[in-house]
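Colleague: Provided herewith is a single structure, encoded as structure tokens, for subsequent inquiry.
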Amino acid sequence: MAMEAQEIEGLIRAAFPDAKIIITDTAGDGNHWAAEVVDESFRGMNRVQQQRAVYASLKGKMDGPSGDLHALALTTKAPD
Amino acid sequence: MSAQDTIKETVTSNDVVLYMKGTKEMPQCGFSSRVAGVLNFMGVEFTDVNVLADADIRQGIKDYSDWPTIPQLYVKGEFVGGSDIITEMTLSGELDTLFEDKGVAYSKEAADKIREANG
């Protein structure tokens, strides 16, 4: 099952209530997404730690061949 | 040997390892293709592991790094990141610094060309 942008944002938002979150459908097919997440909690974390935290918020949606989310390009940073 | 032991041996006995879908000659996913393409273009010698060929390794590598997606790049045993992180590090020059710090041979000229083309 493909996911909707609102659903992806909702999961991320639940873990990062104050983040700036931009979800883009990169291929226009509802199956390839990009998410930019800017959150104060990322300060001091390296990119691996930041993206691990975002993946954790998606609660297994990225997992394996049966995962709902096949392609999600992530950009994470702390606010400038 | 368990998948975790196999992975540990692979990433510690090879300087640069890319866990990917497909092979470096024939990637089978756009994200894997992008990272393999960068390494190939930069002239980095790396070991490719095709996770599609082994279900235990495919799941095992995600457990090993606590990272849910493929590709995954390892340098000198250390997990560096997935395709988004490698792309950002290539463009920012951080990947050059990492290779220099870890003593991995690469073409600075090729890396500069990637940055010029994507600047």
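As shown in the structure tokens, the chain order sets the letters A, B, ...; within each chain, residues go from 1, and ligands are also counted from 1 in the order they appear.
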Tell me, which residues of chain B carry DSSP alpha helix (DSSP H), written as a PyMOL selection string?
Modeller: chain B and resi 3-13+30-41+55-65+83-92+94-102+108-118
Colleague: Taking a cut-off of 7 Å and counting only C-alpha atoms, can you build a table that, for each residue of chain A near chain B, reports the nearest atom pair and how far apart they are in Å (one decimal), sorted by chain then residue number, as a Markdown table?
Modeller:
| residue | atom | partner | partner_atom | distance |
| --- | --- | --- | --- | --- |
| A:Arg47 | CA | B:Ile85 | CA | 6.9 |
| A:Val48 | CA | B:Gly81 | CA | 6.1 |
| A:Arg52 | CA | B:Trp67 | CA | 6.5 |
| A:Met62 | CA | B:Pro68 | CA | 6.3 |
| A:Asp63 | CA | B:Pro68 | CA | 6.0 |
| A:Ala73 | CA | B:Asp84 | CA | 6.2 |
| A:Leu74 | CA | B:Asp84 | CA | 6.2 |
Colleague: If you run DSSP on this backbone, which residues of chain A come out as strand (DSSP E or B), and could you give them as JSON, numbers by chain?
Modeller: {"A": [20, 21, 22, 23, 24, 25, 32, 33, 34, 35, 36, 37, 38, 71, 72, 73, 74, 75, 76, 77]}
Colleague: Selection from above, C-alpha atoms, as a PDB file, in the first residue's frame, can you write it?
Modeller:
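Result written to selection22.pdb:
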ATOM      1  CA  LYS A  20       9.335  22.336   9.908  1.00  0.00           C
ATOM      2  CA  ILE A  21       8.327  19.425   7.665  1.00  0.00           C
ATOM      3  CA  ILE A  22       8.093  19.522   3.887  1.00  0.00           C
ATOM      4  CA  ILE A  23       6.887  16.403   2.064  1.00  0.00           C
ATOM      5  CA  THR A  24       7.301  16.215  -1.716  1.00  0.00           C
ATOM      6  CA  ASP A  25       6.033  13.566  -4.106  1.00  0.00           C
ATOM      7  CA  HIS A  32       8.482   8.146  -4.185  1.00  0.00           C
ATOM      8  CA  TRP A  33       8.687  10.788  -1.495  1.00  0.00           C
ATOM      9  CA  ALA A  34      11.129  13.314  -0.178  1.00  0.00           C
ATOM     10  CA  ALA A  35      10.914  14.704   3.345  1.00  0.00           C
ATOM     11  CA  GLU A  36      12.773  17.692   4.693  1.00  0.00           C
ATOM     12  CA  VAL A  37      12.681  17.888   8.464  1.00  0.00           C
ATOM     13  CA  VAL A  38      14.130  20.843  10.329  1.00  0.00           C
ATOM     14  CA  ALA A  71      11.276   5.451  -1.372  1.00  0.00           C
ATOM     15  CA  LEU A  72      11.733   8.340   1.018  1.00  0.00           C
ATOM     16  CA  ALA A  73      14.626  10.697   0.468  1.00  0.00           C
ATOM     17  CA  LEU A  74      15.437  12.430   3.755  1.00  0.00           C
ATOM     18  CA  THR A  75      17.009  15.774   4.450  1.00  0.00           C
ATOM     19  CA  THR A  76      17.442  16.654   8.112  1.00  0.00           C
ATOM     20  CA  LYS A  77      18.981  19.587   9.909  1.00  0.00           C
TER      21      LYS A  77
END
Colleague: Compile the contact shell of stretch 2-6 of chain A as a PDB file with N, CA and C atoms, in the first residue's frame: residues with an atom at most 7 Å away, counting only C-alpha atoms, same-chain residues fewer than 6 positions apart removed.
Modeller:
ATOM      1  N   ILE A  23       6.971  17.696   2.751  1.00  0.00           N
ATOM      2  CA  ILE A  23       6.887  16.403   2.064  1.00  0.00           C
ATOM      3  C   ILE A  23       6.656  16.666   0.577  1.00  0.00           C
ATOM      4  N   GLY A  30       2.842   8.932  -6.016  1.00  0.00           N
ATOM      5  CA  GLY A  30       2.395   8.533  -4.691  1.00  0.00           C
ATOM      6  C   GLY A  30       3.251   7.447  -4.063  1.00  0.00           C
ATOM      7  N   ASN A  31       4.432   7.233  -4.601  1.00  0.00           N
ATOM      8  CA  ASN A  31       5.261   6.125  -4.111  1.00  0.00           C
ATOM      9  C   ASN A  31       6.714   6.522  -3.861  1.00  0.00           C
ATOM     10  N   ASP A  68       5.340  -0.016   3.577  1.00  0.00           N
ATOM     11  CA  ASP A  68       4.426   0.859   2.854  1.00  0.00           C
ATOM     12  C   ASP A  68       5.178   1.935   2.076  1.00  0.00           C
ATOM     13  N   LEU A  69       6.340   2.277   2.605  1.00  0.00           N
ATOM     14  CA  LEU A  69       7.090   3.378   2.022  1.00  0.00           C
ATOM     15  C   LEU A  69       8.305   2.803   1.321  1.00  0.00           C
TER      16      LEU A  69
END
Colleague: Given only C-alpha atoms as the basis, pick out the residue of B:Asp63, B:Gly43, B:Gly22, B:Ser32 nearest to B:Lys8.
Modeller: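 Distance minimum relative to B:Lys8 lands on B:Asp63.
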Colleague: Using only C-alpha atoms, which of the listed residues (A:Pro17, A:Gly10, A:Ala78, A:His70) sits closest to A:Gln51?
Modeller: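 When distances to A:Gln51 are compared using only C-alpha atoms, the smallest one comes from A:Ala78.
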Colleague: Quick one: everything within 8 Å of stretch 113-118 of chain B, counting only C-alpha atoms, minus sequence neighbours fewer than 2 positions away in the same chain. Send it as a ChimeraX atom specification.
Modeller: /B:90-91,109-111
Colleague: If I take atom CA of B:Asp48 and atom CA of B:Val16, how far is one from the other in Å, to one decimal?
Modeller: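 The value is 8.7 Å.
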Colleague: Which of these, A:Leu11, A:Ala27, A:Asp80, A:Phe16, has the shortest distance to A:Gln50 once you count only C-alpha atoms?
Modeller: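 Of A:Leu11, A:Ala27, A:Asp80, A:Phe16, the one nearest A:Gln50 is A:Phe16, counting only C-alpha atoms.
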Colleague: For B:Ile61, which residue among B:Ala36, B:Tyr19, B:Gly119, B:Gly93 is the nearest when counting only C-alpha atoms?
Modeller: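 Closest to B:Ile61 of all the choices is B:Tyr19.
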Colleague: Which residues are near B:Asn14? Cut-off 8 Å, only C-alpha atoms, ignore same chain within fewer than 4 positions. Put them as a list in words.
Modeller: Thr10, Phe46, Thr47, Lys76 and Gly77 of chain B
Colleague: Generate the output file for the selected residues, C-alpha atoms, as a PDB file, in the first residue's frame.
Modeller:
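For reference, selection35.pdb as written:
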ATOM      1  CA  THR B  10      33.002  -8.073   5.694  1.00  0.00           C
ATOM      2  CA  PHE B  46      34.954  -0.770  -2.913  1.00  0.00           C
ATOM      3  CA  THR B  47      33.401  -4.124  -2.161  1.00  0.00           C
ATOM      4  CA  LYS B  76      36.863   1.056   7.750  1.00  0.00           C
ATOM      5  CA  GLY B  77      34.125  -0.757   9.596  1.00  0.00           C
TER       6      GLY B  77
END
